[in-house]
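J.: I'm passing along target-v7.txt; it holds compact mmCIF, C-alpha atoms and all ligand atoms.
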```
# COMPACT_ATOMS: atom_id res chain seq x y z
CA MET A 286 14.77 31.00 11.78
CA PRO A 287 17.58 29.05 13.49
CA SER A 288 17.64 25.37 12.68
CA ALA A 289 20.17 22.58 12.30
CA SER A 290 20.14 23.06 8.56
CA SER A 291 20.04 26.87 8.44
CA SER A 292 23.75 27.16 7.71
CA SER A 293 23.28 25.24 4.45
CA VAL A 294 20.10 27.03 3.29
CA GLU A 295 20.65 28.43 -0.16
CA PRO A 296 20.15 32.19 -0.36
CA GLY A 297 16.60 33.13 -1.25
CA LEU A 298 15.10 29.73 -0.43
CA PHE A 299 12.42 31.35 1.75
CA SER A 300 12.31 34.70 -0.01
CA PRO A 301 8.98 35.63 -1.71
CA ALA A 302 10.90 37.06 -4.68
CA THR A 303 12.18 33.58 -5.53
CA TYR A 304 8.61 32.41 -6.08
CA ALA A 305 7.11 35.37 -7.94
CA ARG A 306 6.37 33.21 -10.98
CA VAL A 307 4.60 30.56 -8.91
CA ARG A 308 2.38 33.33 -7.52
CA ARG A 309 1.05 34.33 -10.95
CA PRO A 310 -2.43 33.19 -12.08
CA LEU A 311 -2.53 29.60 -13.34
CA GLN A 312 -2.21 30.44 -17.05
CA SER A 313 0.97 32.44 -16.45
CA ALA A 314 2.39 30.49 -13.52
CA GLU A 315 5.44 28.31 -13.21
CA THR A 316 5.58 25.19 -11.05
CA LEU A 317 7.44 25.21 -7.75
CA PRO A 318 11.24 25.14 -8.23
CA PRO A 319 12.70 21.61 -7.97
CA GLY A 320 14.38 22.43 -4.64
CA CYS A 321 10.97 22.57 -2.97
CA TYR A 322 10.77 18.82 -3.54
CA THR A 323 14.36 17.85 -2.80
CA CYS A 324 15.93 20.18 -0.28
CA GLU A 325 16.16 19.30 3.41
CA ALA A 326 15.79 22.91 4.61
CA PHE A 327 12.53 23.37 2.67
CA PHE A 328 11.20 20.10 4.07
CA ARG A 329 12.13 21.08 7.66
CA ARG A 330 10.30 24.38 7.17
CA GLU A 331 7.20 22.53 5.93
CA VAL A 332 7.30 20.29 9.00
CA GLU A 333 7.63 23.28 11.36
CA ARG A 334 5.06 25.53 9.76
CA ILE A 335 2.62 23.11 8.17
CA PHE A 336 2.59 19.62 9.69
CA MET A 337 3.26 20.74 13.27
CA LYS A 338 0.30 23.16 13.04
CA ALA A 339 -2.26 21.44 10.78
CA TRP A 340 -4.96 18.90 11.53
CA ASN A 341 -3.27 15.79 10.17
CA PHE A 342 -5.46 12.87 9.11
CA ILE A 343 -4.45 9.50 10.60
CA GLY A 344 -7.22 7.07 9.63
CA ARG A 345 -10.50 5.78 10.98
CA ALA A 346 -11.59 5.30 14.59
CA ASP A 347 -12.94 1.86 13.65
CA ARG A 348 -9.31 0.68 13.49
CA ILE A 349 -9.45 0.62 17.30
CA PRO A 350 -13.06 -0.36 18.15
CA ASP A 351 -12.60 -1.73 21.69
CA PRO A 352 -11.22 -0.26 24.94
CA GLY A 353 -7.47 -0.93 25.08
CA ASP A 354 -7.09 -1.11 21.27
CA TYR A 355 -4.17 1.04 20.13
CA PHE A 356 -1.92 1.78 17.19
CA THR A 357 1.34 3.68 16.88
CA LEU A 358 2.70 5.86 14.13
CA ASP A 359 5.66 8.09 13.49
CA PHE A 360 4.31 11.30 12.00
CA VAL A 361 6.93 13.80 10.73
CA GLY A 362 9.35 12.36 13.29
CA VAL A 363 6.92 12.43 16.24
CA PRO A 364 6.32 8.94 17.69
CA THR A 365 2.66 8.85 18.66
CA VAL A 366 0.30 6.31 20.19
CA VAL A 367 -3.46 6.43 19.60
CA VAL A 368 -5.61 4.43 22.04
CA ARG A 369 -9.25 3.88 22.93
CA GLY A 370 -9.73 4.31 26.67
CA LYS A 371 -11.91 2.37 29.08
CA ASP A 372 -14.47 5.16 28.69
CA GLY A 373 -14.60 4.61 24.90
CA GLU A 374 -12.78 7.88 24.10
CA VAL A 375 -9.96 7.83 21.53
CA ARG A 376 -6.87 9.74 22.73
CA ALA A 377 -3.38 10.39 21.37
CA PHE A 378 -0.15 10.67 23.34
CA ALA A 379 3.50 11.30 22.60
CA ASN A 380 4.93 7.79 22.52
CA SER A 381 7.92 8.71 24.72
CA CYS A 382 8.40 7.40 28.25
CA ARG A 383 8.54 10.07 30.96
CA HIS A 384 11.43 8.26 32.67
CA ARG A 385 14.26 8.35 30.14
CA GLY A 386 12.35 8.59 26.93
CA SER A 387 12.01 5.14 25.37
CA ILE A 388 9.15 4.34 23.03
CA VAL A 389 6.42 3.00 25.31
CA ALA A 390 4.05 1.30 22.83
CA VAL A 391 5.17 -0.69 19.80
CA GLY A 392 3.14 -1.61 16.70
CA GLU A 393 -0.56 -2.07 17.34
CA GLY A 394 -2.77 -4.31 19.47
CA ASN A 395 -4.79 -4.34 22.66
CA CYS A 396 -3.55 -3.80 26.19
CA ARG A 397 -4.82 -2.88 29.67
CA ALA A 398 -1.95 -0.43 30.24
CA PHE A 399 1.28 0.59 28.50
CA LYS A 400 4.40 -0.82 30.13
CA CYS A 401 7.67 0.75 29.03
CA PRO A 402 10.03 -1.94 27.68
CA TYR A 403 13.07 -0.28 29.36
CA HIS A 404 12.41 -0.11 33.15
CA SER A 405 8.70 -1.00 33.29
CA TRP A 406 7.12 2.32 34.12
CA ALA A 407 3.42 1.70 33.43
CA TYR A 408 0.82 4.11 32.07
CA ALA A 409 -2.98 3.84 32.03
CA LEU A 410 -4.92 4.09 28.78
CA ASP A 411 -5.68 7.72 29.67
CA GLY A 412 -1.94 8.46 29.95
CA LYS A 413 -1.67 8.58 33.75
CA LEU A 414 1.50 7.10 35.27
CA LEU A 415 0.40 4.04 37.26
CA SER A 416 3.66 2.63 38.57
CA ALA A 417 7.39 3.32 38.51
CA PRO A 418 9.51 0.57 40.13
CA GLU A 419 11.98 1.73 42.85
CA ILE A 420 10.87 5.37 42.63
CA ASP A 421 10.15 5.51 46.40
CA GLN A 422 13.56 6.97 47.35
CA THR A 423 13.37 9.68 44.70
CA LEU A 424 12.58 13.00 46.37
CA ASP A 425 9.55 15.10 45.52
CA PHE A 426 8.34 12.70 42.82
CA ARG A 427 4.67 13.13 42.01
CA PHE A 428 3.05 10.55 39.77
CA GLU A 429 0.61 13.12 38.43
CA ASP A 430 3.52 15.11 36.95
CA TYR A 431 4.76 12.21 34.81
CA GLY A 432 1.85 11.03 32.67
CA LEU A 433 2.27 10.57 28.92
CA VAL A 434 2.18 13.92 27.12
CA PRO A 435 -1.23 14.29 25.41
CA ILE A 436 -1.49 15.24 21.74
CA ARG A 437 -4.66 16.84 20.45
CA LEU A 438 -6.95 14.46 18.60
CA GLU A 439 -10.37 15.27 17.21
CA THR A 440 -12.77 13.25 15.06
CA TRP A 441 -15.24 13.97 12.31
CA ASP A 442 -17.66 11.18 11.25
CA GLY A 443 -15.21 8.50 12.40
CA PHE A 444 -12.11 10.08 10.80
CA LEU A 445 -9.22 10.80 13.20
CA PHE A 446 -7.09 13.95 13.02
CA LEU A 447 -4.02 14.86 15.11
CA ASN A 448 -2.75 18.33 15.85
CA PHE A 449 0.63 18.95 17.51
CA ASP A 450 -0.17 22.62 18.14
CA PRO A 451 -1.96 23.17 21.48
CA GLY A 452 -3.13 26.59 20.26
CA ALA A 453 -4.71 25.45 16.97
CA ALA A 454 -8.37 26.22 16.26
CA PRO A 455 -10.68 23.14 16.42
CA LEU A 456 -10.81 20.56 13.63
CA MET A 457 -14.21 21.79 12.47
CA ALA A 458 -12.76 25.24 11.76
CA TRP A 459 -10.07 23.57 9.61
CA LEU A 460 -12.63 21.50 7.67
CA GLY A 461 -14.90 24.49 6.95
CA ASP A 462 -17.87 23.46 4.80
CA LEU A 463 -16.50 19.99 3.94
CA PRO A 464 -18.58 18.06 6.52
CA ASP A 465 -21.78 19.71 5.21
CA ARG A 466 -20.93 19.26 1.55
CA LEU A 467 -20.14 15.55 2.00
CA SER A 468 -22.75 14.75 4.66
CA SER A 469 -24.92 12.59 2.39
CA TYR A 470 -22.20 9.91 2.24
CA ALA A 471 -22.97 9.12 5.92
CA PHE A 472 -19.28 8.37 6.56
CA GLU A 473 -20.09 7.67 10.22
CA LYS A 474 -21.90 4.52 9.08
CA MET A 475 -18.94 3.25 7.09
CA VAL A 476 -16.42 0.56 8.00
CA CYS A 477 -12.79 0.51 6.87
CA VAL A 478 -12.32 -2.95 5.36
CA ARG A 479 -8.75 -2.65 4.13
CA ARG A 480 -5.74 -0.52 4.99
CA LYS A 481 -2.64 -0.82 2.85
CA GLU A 482 0.73 0.90 3.31
CA TYR A 483 3.32 1.79 0.68
CA LEU A 484 6.72 3.45 1.01
CA LEU A 485 7.19 6.05 -1.72
CA ASP A 486 10.48 7.46 -2.97
CA CYS A 487 9.01 10.90 -3.53
CA ASN A 488 8.18 14.16 -1.83
CA TRP A 489 4.71 14.37 -0.27
CA LYS A 490 3.68 17.24 -2.59
CA ILE A 491 4.41 15.18 -5.70
CA TYR A 492 1.89 12.61 -4.57
CA VAL A 493 -0.77 15.16 -3.66
CA GLU A 494 -0.35 16.91 -7.01
CA ASN A 495 -0.74 13.61 -8.84
CA ALA A 496 -3.94 12.76 -6.98
CA MET A 497 -5.42 16.20 -7.62
CA GLU A 498 -5.08 16.41 -11.41
CA ALA A 499 -6.71 14.32 -14.12
CA TYR A 500 -4.21 15.39 -16.81
CA HIS A 501 -2.06 12.30 -16.24
CA VAL A 502 -4.94 9.80 -16.48
CA ALA A 503 -4.76 9.53 -20.28
CA THR A 504 -1.08 8.58 -20.06
CA VAL A 505 -0.40 6.91 -16.72
CA HIS A 506 -3.70 5.03 -16.54
CA ARG A 507 -4.24 4.70 -20.31
CA SER A 508 -5.17 1.02 -20.20
CA THR A 509 -6.95 1.14 -16.82
CA LEU A 510 -8.80 4.19 -15.43
CA GLN A 511 -8.76 5.97 -18.79
CA ARG A 512 -11.43 3.52 -19.94
CA GLN A 513 -13.86 5.03 -17.41
CA LYS A 514 -16.00 7.56 -19.28
CA GLY A 515 -17.25 11.03 -18.39
CA PRO A 516 -16.33 14.72 -18.50
CA VAL A 517 -13.07 15.94 -16.94
CA ALA A 518 -13.18 16.48 -13.16
CA ALA A 519 -13.77 20.14 -12.35
CA LYS A 520 -12.55 22.31 -9.49
CA GLN A 521 -15.24 23.15 -6.93
CA PRO A 522 -15.67 26.22 -4.73
CA THR A 523 -14.85 25.37 -1.09
CA ARG A 524 -14.58 27.10 2.29
CA GLY A 525 -11.96 25.93 4.78
CA GLN A 526 -8.61 24.19 4.51
CA TRP A 527 -9.63 21.98 1.64
CA ILE A 528 -9.96 22.06 -2.14
CA ALA A 529 -11.73 19.60 -4.40
CA LEU A 530 -12.44 18.17 -7.80
CA TRP A 531 -15.84 16.73 -8.67
CA LYS A 532 -16.52 14.49 -11.63
CA GLU A 533 -19.92 13.68 -13.07
CA HIS A 534 -20.33 10.09 -14.29
CA GLU A 535 -22.44 6.94 -14.27
CA GLY A 536 -21.67 3.98 -12.02
CA SER A 537 -18.89 3.77 -9.41
CA ARG A 538 -15.45 5.33 -9.76
CA ALA A 539 -13.97 2.63 -7.55
CA LEU A 540 -14.39 -0.04 -10.22
CA LEU A 541 -12.58 -0.60 -13.49
CA ALA A 542 -14.62 -0.04 -16.66
CA GLY A 543 -17.08 -2.84 -17.33
CA GLU A 544 -17.18 -4.10 -13.72
CA THR A 545 -20.34 -4.05 -11.61
CA GLY A 546 -20.35 -3.83 -7.83
CA PHE A 547 -22.43 -2.97 -4.80
CA PRO A 548 -25.66 -0.90 -4.60
CA PHE A 549 -25.16 2.84 -4.23
CA ILE A 550 -25.17 4.58 -0.86
CA GLU A 551 -28.87 5.18 -0.16
CA THR A 552 -28.55 8.61 1.40
CA LEU A 553 -26.62 10.32 -1.43
CA ALA A 554 -27.95 13.71 -2.51
CA GLY A 555 -26.97 16.55 -4.83
CA GLN A 556 -23.59 16.28 -6.56
CA ALA A 557 -22.71 13.19 -4.50
CA ALA A 558 -25.57 11.33 -6.20
CA ARG A 559 -24.35 12.26 -9.68
CA GLY A 560 -20.63 11.63 -9.52
CA THR A 561 -17.50 11.47 -7.35
CA TRP A 562 -15.91 14.00 -5.00
CA TYR A 563 -12.11 14.15 -4.81
CA PRO A 564 -11.29 16.47 -1.90
CA LEU A 565 -7.79 17.35 -0.76
CA ILE A 566 -7.85 18.15 2.95
CA TYR A 567 -4.72 20.27 3.36
CA PRO A 568 -1.97 19.49 3.66
CA SER A 569 -1.88 15.90 2.44
CA THR A 570 -5.08 13.84 2.67
CA MET A 571 -7.07 12.88 -0.40
CA PHE A 572 -10.50 11.25 -0.41
CA GLY A 573 -12.28 9.57 -3.26
CA ALA A 574 -15.95 9.63 -2.31
CA THR A 575 -17.93 7.77 -4.93
CA ARG A 576 -21.44 6.39 -5.16
CA ASP A 577 -20.91 3.09 -3.33
CA CYS A 578 -17.83 3.60 -1.12
CA MET A 579 -14.97 5.90 -0.21
CA TRP A 580 -11.22 5.49 -0.21
CA TRP A 581 -8.51 7.72 1.17
CA LEU A 582 -4.86 8.45 0.48
CA GLU A 583 -3.09 9.42 3.73
CA LEU A 584 0.49 10.67 3.53
CA HIS A 585 3.14 10.66 6.26
CA PRO A 586 6.12 12.71 5.10
CA ILE A 587 9.43 11.17 6.22
CA SER A 588 12.06 13.22 4.38
CA PRO A 589 12.20 15.38 1.25
CA SER A 590 12.21 12.24 -0.89
CA ARG A 591 10.47 9.63 1.28
CA THR A 592 6.77 9.42 2.12
CA ARG A 593 4.60 6.72 3.65
CA LEU A 594 1.28 6.27 1.84
CA VAL A 595 -1.69 4.65 3.55
CA VAL A 596 -4.67 3.72 1.39
CA GLY A 597 -7.89 2.98 3.26
CA SER A 598 -11.08 1.54 1.76
CA SER A 599 -14.42 2.09 3.48
CA PHE A 600 -17.90 0.84 2.63
CA PRO A 601 -21.29 1.35 4.30
CA ARG A 602 -21.82 -1.16 7.13
CA LYS A 603 -24.91 -2.45 5.29
CA THR A 604 -22.75 -3.29 2.26
CA VAL A 605 -20.09 -4.99 4.39
CA GLU A 606 -22.78 -7.22 5.93
CA ARG A 607 -23.91 -8.57 2.53
CA PRO A 608 -23.27 -12.31 2.04
CA ASP A 609 -21.44 -11.58 -1.24
CA PHE A 610 -19.23 -8.81 0.22
CA ASN A 611 -15.94 -10.74 0.27
CA GLU A 612 -16.39 -11.91 -3.30
CA VAL A 613 -17.51 -8.60 -4.84
CA VAL A 614 -15.06 -6.38 -2.93
CA GLU A 615 -12.22 -8.06 -4.83
CA ARG A 616 -13.29 -6.06 -7.92
CA TYR A 617 -12.74 -2.86 -5.97
CA TYR A 618 -9.38 -4.07 -4.66
CA LYS A 619 -8.38 -4.86 -8.25
CA ARG A 620 -9.10 -1.25 -9.24
CA TRP A 621 -7.03 0.22 -6.40
CA ASP A 622 -4.27 -2.35 -6.73
CA THR A 623 -4.00 -1.40 -10.40
CA SER A 624 -4.23 2.39 -10.29
CA ILE A 625 -2.30 3.08 -7.09
CA PRO A 626 0.94 1.36 -8.15
CA GLU A 627 0.68 3.27 -11.46
CA ASP A 628 0.53 6.55 -9.50
CA ASN A 629 3.29 5.42 -7.13
CA ASP A 630 5.63 4.55 -10.01
CA ILE A 631 5.14 7.83 -11.87
CA SER A 632 5.59 9.81 -8.64
CA ASN A 633 8.90 8.05 -7.97
CA LEU A 634 10.03 8.81 -11.54
CA GLN A 635 9.09 12.48 -11.10
CA GLN A 636 11.17 12.68 -7.92
CA ARG A 637 14.18 11.23 -9.75
CA GLY A 638 13.86 13.76 -12.56
CA LEU A 639 13.36 16.69 -10.18
CA SER A 640 16.49 15.70 -8.25
CA SER A 641 18.69 16.47 -11.26
CA PRO A 642 20.87 19.60 -11.09
CA PHE A 643 19.42 20.39 -14.53
CA ALA A 644 15.78 20.28 -13.40
CA ARG A 645 13.96 23.61 -13.89
CA PRO A 646 10.47 24.95 -13.05
CA GLY A 647 7.83 24.03 -15.64
CA ARG A 648 4.43 25.39 -16.74
CA LEU A 649 0.92 24.15 -16.06
CA THR A 650 -2.11 23.33 -18.22
CA HIS A 651 -5.71 24.31 -17.52
CA LEU A 652 -6.20 20.77 -16.20
CA GLU A 653 -3.91 21.38 -13.19
CA PRO A 654 -5.53 24.17 -11.13
CA LEU A 655 -5.16 22.29 -7.85
CA VAL A 656 -1.42 21.75 -8.44
CA HIS A 657 -1.17 25.52 -8.55
CA ASP A 658 -3.41 25.90 -5.49
CA LEU A 659 -1.26 23.51 -3.43
CA ALA A 660 1.98 25.28 -4.38
CA ASN A 661 0.56 28.62 -3.30
CA TRP A 662 -0.96 27.24 -0.10
CA VAL A 663 2.45 25.86 0.86
CA LEU A 664 4.23 29.12 -0.02
CA ASP A 665 1.69 31.10 2.04
CA ARG A 666 2.95 29.19 5.08
CA VAL A 667 6.65 28.57 4.60
CA LEU A 668 8.07 31.80 3.19
CA ASP A 669 9.74 34.26 5.55
CA GLU A 670 6.97 36.83 5.32
CA ALA A 671 4.20 34.27 5.75
CA GLY A 672 2.03 35.06 8.75
CA PRO A 673 0.31 32.58 11.07
CA ASP A 674 -2.95 30.94 9.98
S1 LIG B 1 12.75 4.74 29.80
FE1 LIG B 1 10.74 3.98 30.20
S2 LIG B 1 10.90 3.06 32.12
FE2 LIG B 1 12.89 3.83 31.76
FE FE B 2 -3.53 8.66 -10.99
```
Translate this file's structure into structure tokens.
T.:
Amino acid sequence: MPSASSSSVEPGLFSPATYARVRRPLQSAETLPPGCYTCEAFFRREVERIFMKAWNFIGRADRIPDPGDYFTLDFVGVPTVVVRGKDGEVRAFANSCRHRGSIVAVGEGNCRAFKCPYHSWAYALDGKLLSAPEIDQTLDFRFEDYGLVPIRLETWDGFLFLNFDPGAAPLMAWLGDLPDRLSSYAFEKMVCVRRKEYLLDCNWKIYVENAMEAYHVATVHRSTLQRQKGPVAAKQPTRGQWIALWKEHEGSRALLAGETGFPFIETLAGQAARGTWYPLIYPSTMFGATRDCMWWLELHPISPSRTRLVVGSSFPRKTVERPDFNEVVERYYKRWDTSIPEDNDISNLQQRGLSSPFARPGRLTHLEPLVHDLANWVLDRVLDEAGPD
């Protein structure tokens, strides 16, 4: 495939033979070669074949509750604006002016229309071009041809997903049986109360792998999460573009050991009532759905070794309306503000080690099945022989 970096692609980078050992069953498998985490050509291929085709999670619709509320993001190099229209619909557009291409919307906020900061072309909240100063002498100009370019956006229970591929199957096909399996959490009745961003010095896969294995907990979180009791989280059967761990335990997984918090979600049933779900929605979104709340880890890959992490915390509206909410929620924030920096730090250290010319593929334990699953899911899509989804 021609690309700016194709001349520097090392031979065999996208050849299935290079990855034969990653393809073996878990007990015999090697990890992905270090270049998969460090090399620009591999990252560009992931962007083209994964992130430009997947349903990418970008947060909660309650971030923009009112008409005119908007936020912007740069997702794998695509500047995007997400806005709630006058009709209450949430839409996404390429954040590039149709005149000469400037960013149209900056940051986040509320507006009645988007006015380009360069020459003041103005766009309605539904993307239509409203005005273009001095355009009257330009021949054959039709306003309807120069609206903001729409990007597909679909929602599930208040969660927003973008897709840059106009031909992609709907979000619900991507999510498979996840909405059914997690329906008793009643996510649609939740409110995001805190959204925190971090800039990581690691590849996006390193962070996903960390979140999807419990092997590191005894070491990385030895004086924090390790004190939570219960059997090891186990891989669950799933259908769709997601995989998951589920852990049986008492209490909430969003609190440090010994802390008490809010009442449990009233509607919980089945496994959700007996423990915590940790789904990975491919490619790079992790949820922690526990008995009193949910949190998410949302990744925006920037380069092979840079990733933006967004951590969102959501609670049932009924919980948020409690008079003691602000006081008690601090115990939850303490848990996340302890464990997440521990995961961030170890992920950055892993990236440094993997960047060495002496780094080599490793082997996996029985506690890392989802690390193996992710590697193979990525290879299914990026190697030369990989077919379309
Ligand atoms: S680039 Fe936006 S108005 Fe000129
Ligand atoms: Fe961790």
J.: Which residues, written as a PyMOL selection string, have at least one atom at most 9 Å from Ser387 of chain A, with all atoms listed in the file counted and residues fewer than 3 positions away on the same chain left out?
T.: chain A and resi 380-384+401-403
J.: Compile the contact shell of segment 656-671 of chain A as a list in words: residues with an atom at most 7 Å away, counting only C-alpha atoms, same-chain residues fewer than 6 positions apart removed.
T.: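 Once the adjacent positions are removed, what remains is Phe299, Ser300, Pro301, Arg308, Leu311, Leu317, Arg330, Glu331, Arg334, Ile335, Glu494 and Met497 of chain A.
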J.: Write the residues of the preceding selection, restricted to C-alpha atoms, as a tab-separated table (two decimals), in the frame of the given file.
T.:
```
chain	number	residue	atom	x	y	z
A	299	PHE	CA	12.42	31.35	1.75
A	300	SER	CA	12.31	34.70	-0.01
A	301	PRO	CA	8.98	35.63	-1.71
A	308	ARG	CA	2.38	33.33	-7.52
A	311	LEU	CA	-2.53	29.60	-13.34
A	317	LEU	CA	7.44	25.21	-7.75
A	330	ARG	CA	10.30	24.38	7.17
A	331	GLU	CA	7.20	22.53	5.93
A	334	ARG	CA	5.06	25.53	9.76
A	335	ILE	CA	2.62	23.11	8.17
A	494	GLU	CA	-0.35	16.91	-7.01
A	497	MET	CA	-5.42	16.20	-7.62
```
J.: List as a VMD selection string the residues having at least one atom at most 12 Å from position (-14.6, 23.8, -17.0) as given in the file, counting only C-alpha atoms.
T.: chain A and resid 516 to 521 530 to 532 651 to 654
J.: Write a file of the selected residues as a PDB file, keeping the file's coordinate frame, keeping C-alpha atoms.
T.:
```
ATOM      1  CA  PRO A 516     -16.330  14.720 -18.500  1.00  0.00           C
ATOM      2  CA  VAL A 517     -13.070  15.940 -16.940  1.00  0.00           C
ATOM      3  CA  ALA A 518     -13.180  16.480 -13.160  1.00  0.00           C
ATOM      4  CA  ALA A 519     -13.770  20.140 -12.350  1.00  0.00           C
ATOM      5  CA  LYS A 520     -12.550  22.310  -9.490  1.00  0.00           C
ATOM      6  CA  GLN A 521     -15.240  23.150  -6.930  1.00  0.00           C
ATOM      7  CA  LEU A 530     -12.440  18.170  -7.800  1.00  0.00           C
ATOM      8  CA  TRP A 531     -15.840  16.730  -8.670  1.00  0.00           C
ATOM      9  CA  LYS A 532     -16.520  14.490 -11.630  1.00  0.00           C
ATOM     10  CA  HIS A 651      -5.710  24.310 -17.520  1.00  0.00           C
ATOM     11  CA  LEU A 652      -6.200  20.770 -16.200  1.00  0.00           C
ATOM     12  CA  GLU A 653      -3.910  21.380 -13.190  1.00  0.00           C
ATOM     13  CA  PRO A 654      -5.530  24.170 -11.130  1.00  0.00           C
TER      14      PRO A 654
END
```
J.: Which residues of chain A have any atom within 12 Å of an atom in ligand LIG 1 (chain B) when counting all atoms listed in the file, and what is the closest pair of atoms for each, with the distance in Å to one decimal? Order the rows by chain and rising number and write it as CSV.
T.:
```
residue,atom,partner,partner_atom,distance
A:Asn380,CA,B:LIG1,FE1,10.4
A:Ser381,CA,B:LIG1,FE1,7.8
A:Cys382,CA,B:LIG1,FE1,4.6
A:Arg383,CA,B:LIG1,FE1,6.5
A:His384,CA,B:LIG1,S1,4.7
A:Arg385,CA,B:LIG1,S1,3.9
A:Gly386,CA,B:LIG1,S1,4.8
A:Ser387,CA,B:LIG1,S1,4.5
A:Ile388,CA,B:LIG1,FE1,7.4
A:Val389,CA,B:LIG1,FE1,6.6
A:Ala390,CA,B:LIG1,FE1,10.3
A:Phe399,CA,B:LIG1,FE1,10.2
A:Lys400,CA,B:LIG1,S2,7.8
A:Cys401,CA,B:LIG1,FE1,4.6
A:Pro402,CA,B:LIG1,FE1,6.5
A:Tyr403,CA,B:LIG1,FE2,4.8
A:His404,CA,B:LIG1,S2,3.7
A:Ser405,CA,B:LIG1,S2,4.8
A:Trp406,CA,B:LIG1,S2,4.3
A:Ala407,CA,B:LIG1,S2,7.7
A:Tyr408,CA,B:LIG1,FE1,10.1
A:Leu414,CA,B:LIG1,S2,10.7
A:Leu415,CA,B:LIG1,S2,11.7
A:Ser416,CA,B:LIG1,S2,9.7
A:Ala417,CA,B:LIG1,S2,7.3
A:Pro418,CA,B:LIG1,S2,8.5
A:Glu419,CA,B:LIG1,S2,10.9
A:Ile420,CA,B:LIG1,S2,10.8
A:Tyr431,CA,B:LIG1,FE1,11.2
A:Gly432,CA,B:LIG1,FE1,11.6
A:Leu433,CA,B:LIG1,FE1,10.8
```
J.: Go ahead and write the selection's residues with C-alpha atoms as an mmCIF file, in the frame of the given file.
T.:
```cif
data_model
loop_
_atom_site.group_PDB
_atom_site.id
_atom_site.type_symbol
_atom_site.label_atom_id
_atom_site.label_comp_id
_atom_site.auth_asym_id
_atom_site.auth_seq_id
_atom_site.Cartn_x
_atom_site.Cartn_y
_atom_site.Cartn_z
ATOM 1 C CA ASN A 380 4.930 7.790 22.520
ATOM 2 C CA SER A 381 7.920 8.710 24.720
ATOM 3 C CA CYS A 382 8.400 7.400 28.250
ATOM 4 C CA ARG A 383 8.540 10.070 30.960
ATOM 5 C CA HIS A 384 11.430 8.260 32.670
ATOM 6 C CA ARG A 385 14.260 8.350 30.140
ATOM 7 C CA GLY A 386 12.350 8.590 26.930
ATOM 8 C CA SER A 387 12.010 5.140 25.370
ATOM 9 C CA ILE A 388 9.150 4.340 23.030
ATOM 10 C CA VAL A 389 6.420 3.000 25.310
ATOM 11 C CA ALA A 390 4.050 1.300 22.830
ATOM 12 C CA PHE A 399 1.280 0.590 28.500
ATOM 13 C CA LYS A 400 4.400 -0.820 30.130
ATOM 14 C CA CYS A 401 7.670 0.750 29.030
ATOM 15 C CA PRO A 402 10.030 -1.940 27.680
ATOM 16 C CA TYR A 403 13.070 -0.280 29.360
ATOM 17 C CA HIS A 404 12.410 -0.110 33.150
ATOM 18 C CA SER A 405 8.700 -1.000 33.290
ATOM 19 C CA TRP A 406 7.120 2.320 34.120
ATOM 20 C CA ALA A 407 3.420 1.700 33.430
ATOM 21 C CA TYR A 408 0.820 4.110 32.070
ATOM 22 C CA LEU A 414 1.500 7.100 35.270
ATOM 23 C CA LEU A 415 0.400 4.040 37.260
ATOM 24 C CA SER A 416 3.660 2.630 38.570
ATOM 25 C CA ALA A 417 7.390 3.320 38.510
ATOM 26 C CA PRO A 418 9.510 0.570 40.130
ATOM 27 C CA GLU A 419 11.980 1.730 42.850
ATOM 28 C CA ILE A 420 10.870 5.370 42.630
ATOM 29 C CA TYR A 431 4.760 12.210 34.810
ATOM 30 C CA GLY A 432 1.850 11.030 32.670
ATOM 31 C CA LEU A 433 2.270 10.570 28.920
#
```
J.: (-3.3, -3.0, 18.9) in this file's frame - what residues fall within 6 Å of it? Use all atoms listed in the file and give the answer as a ChimeraX atom specification.
T.: /A:354-356,393-395
J.: Would you put the residues from that selection into a file with C-alpha atoms, as an mmCIF file, in the frame of the given file?
T.:
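Saved to part28.cif:
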```cif
data_model
loop_
_atom_site.group_PDB
_atom_site.id
_atom_site.type_symbol
_atom_site.label_atom_id
_atom_site.label_comp_id
_atom_site.auth_asym_id
_atom_site.auth_seq_id
_atom_site.Cartn_x
_atom_site.Cartn_y
_atom_site.Cartn_z
ATOM 1 C CA ASP A 354 -7.090 -1.110 21.270
ATOM 2 C CA TYR A 355 -4.170 1.040 20.130
ATOM 3 C CA PHE A 356 -1.920 1.780 17.190
ATOM 4 C CA GLU A 393 -0.560 -2.070 17.340
ATOM 5 C CA GLY A 394 -2.770 -4.310 19.470
ATOM 6 C CA ASN A 395 -4.790 -4.340 22.660
#
```
J.: Kindly provide, as a short mmCIF file (atom, residue, chain, number, x, y, z; two decimals) with C-alpha atoms, in the frame of the given file, all nucleotide and amino acid residues lying within 6 Å of ligand FE 2 (chain B), counting all atoms listed in the file.
T.:
```cif
data_model
loop_
_atom_site.label_atom_id
_atom_site.label_comp_id
_atom_site.auth_asym_id
_atom_site.auth_seq_id
_atom_site.Cartn_x
_atom_site.Cartn_y
_atom_site.Cartn_z
CA ALA A 496 -3.94 12.76 -6.98
CA VAL A 502 -4.94 9.80 -16.48
CA ASP A 628 0.53 6.55 -9.50
#
```
J.: Using only C-alpha atoms, which of the listed residues (A:Met579, A:Val493, A:Val375, A:Leu424) sits closest to Leu467 of chain A?
T.: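 Nearest candidate to Leu467 of chain A out of A:Met579, A:Val493, A:Val375, A:Leu424: A:Met579.
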J.: Pick out the residues sitting within 9 Å of Arg538 of chain A, and hand them over as a PyMOL selection string; count all atoms listed in the file, and ignore anything fewer than 4 positions along from it in its own chain.
T.: chain A and resi 510+513+534+542+560-561+573-577
J.: Between A:Ala377, A:Leu410, A:Ala326, A:Leu655, which one has atoms that come closest to Ala499 of chain A, using all atoms listed in the file?
T.: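 Of the candidates, the smallest distance to Ala499 of chain A is held by A:Leu655.
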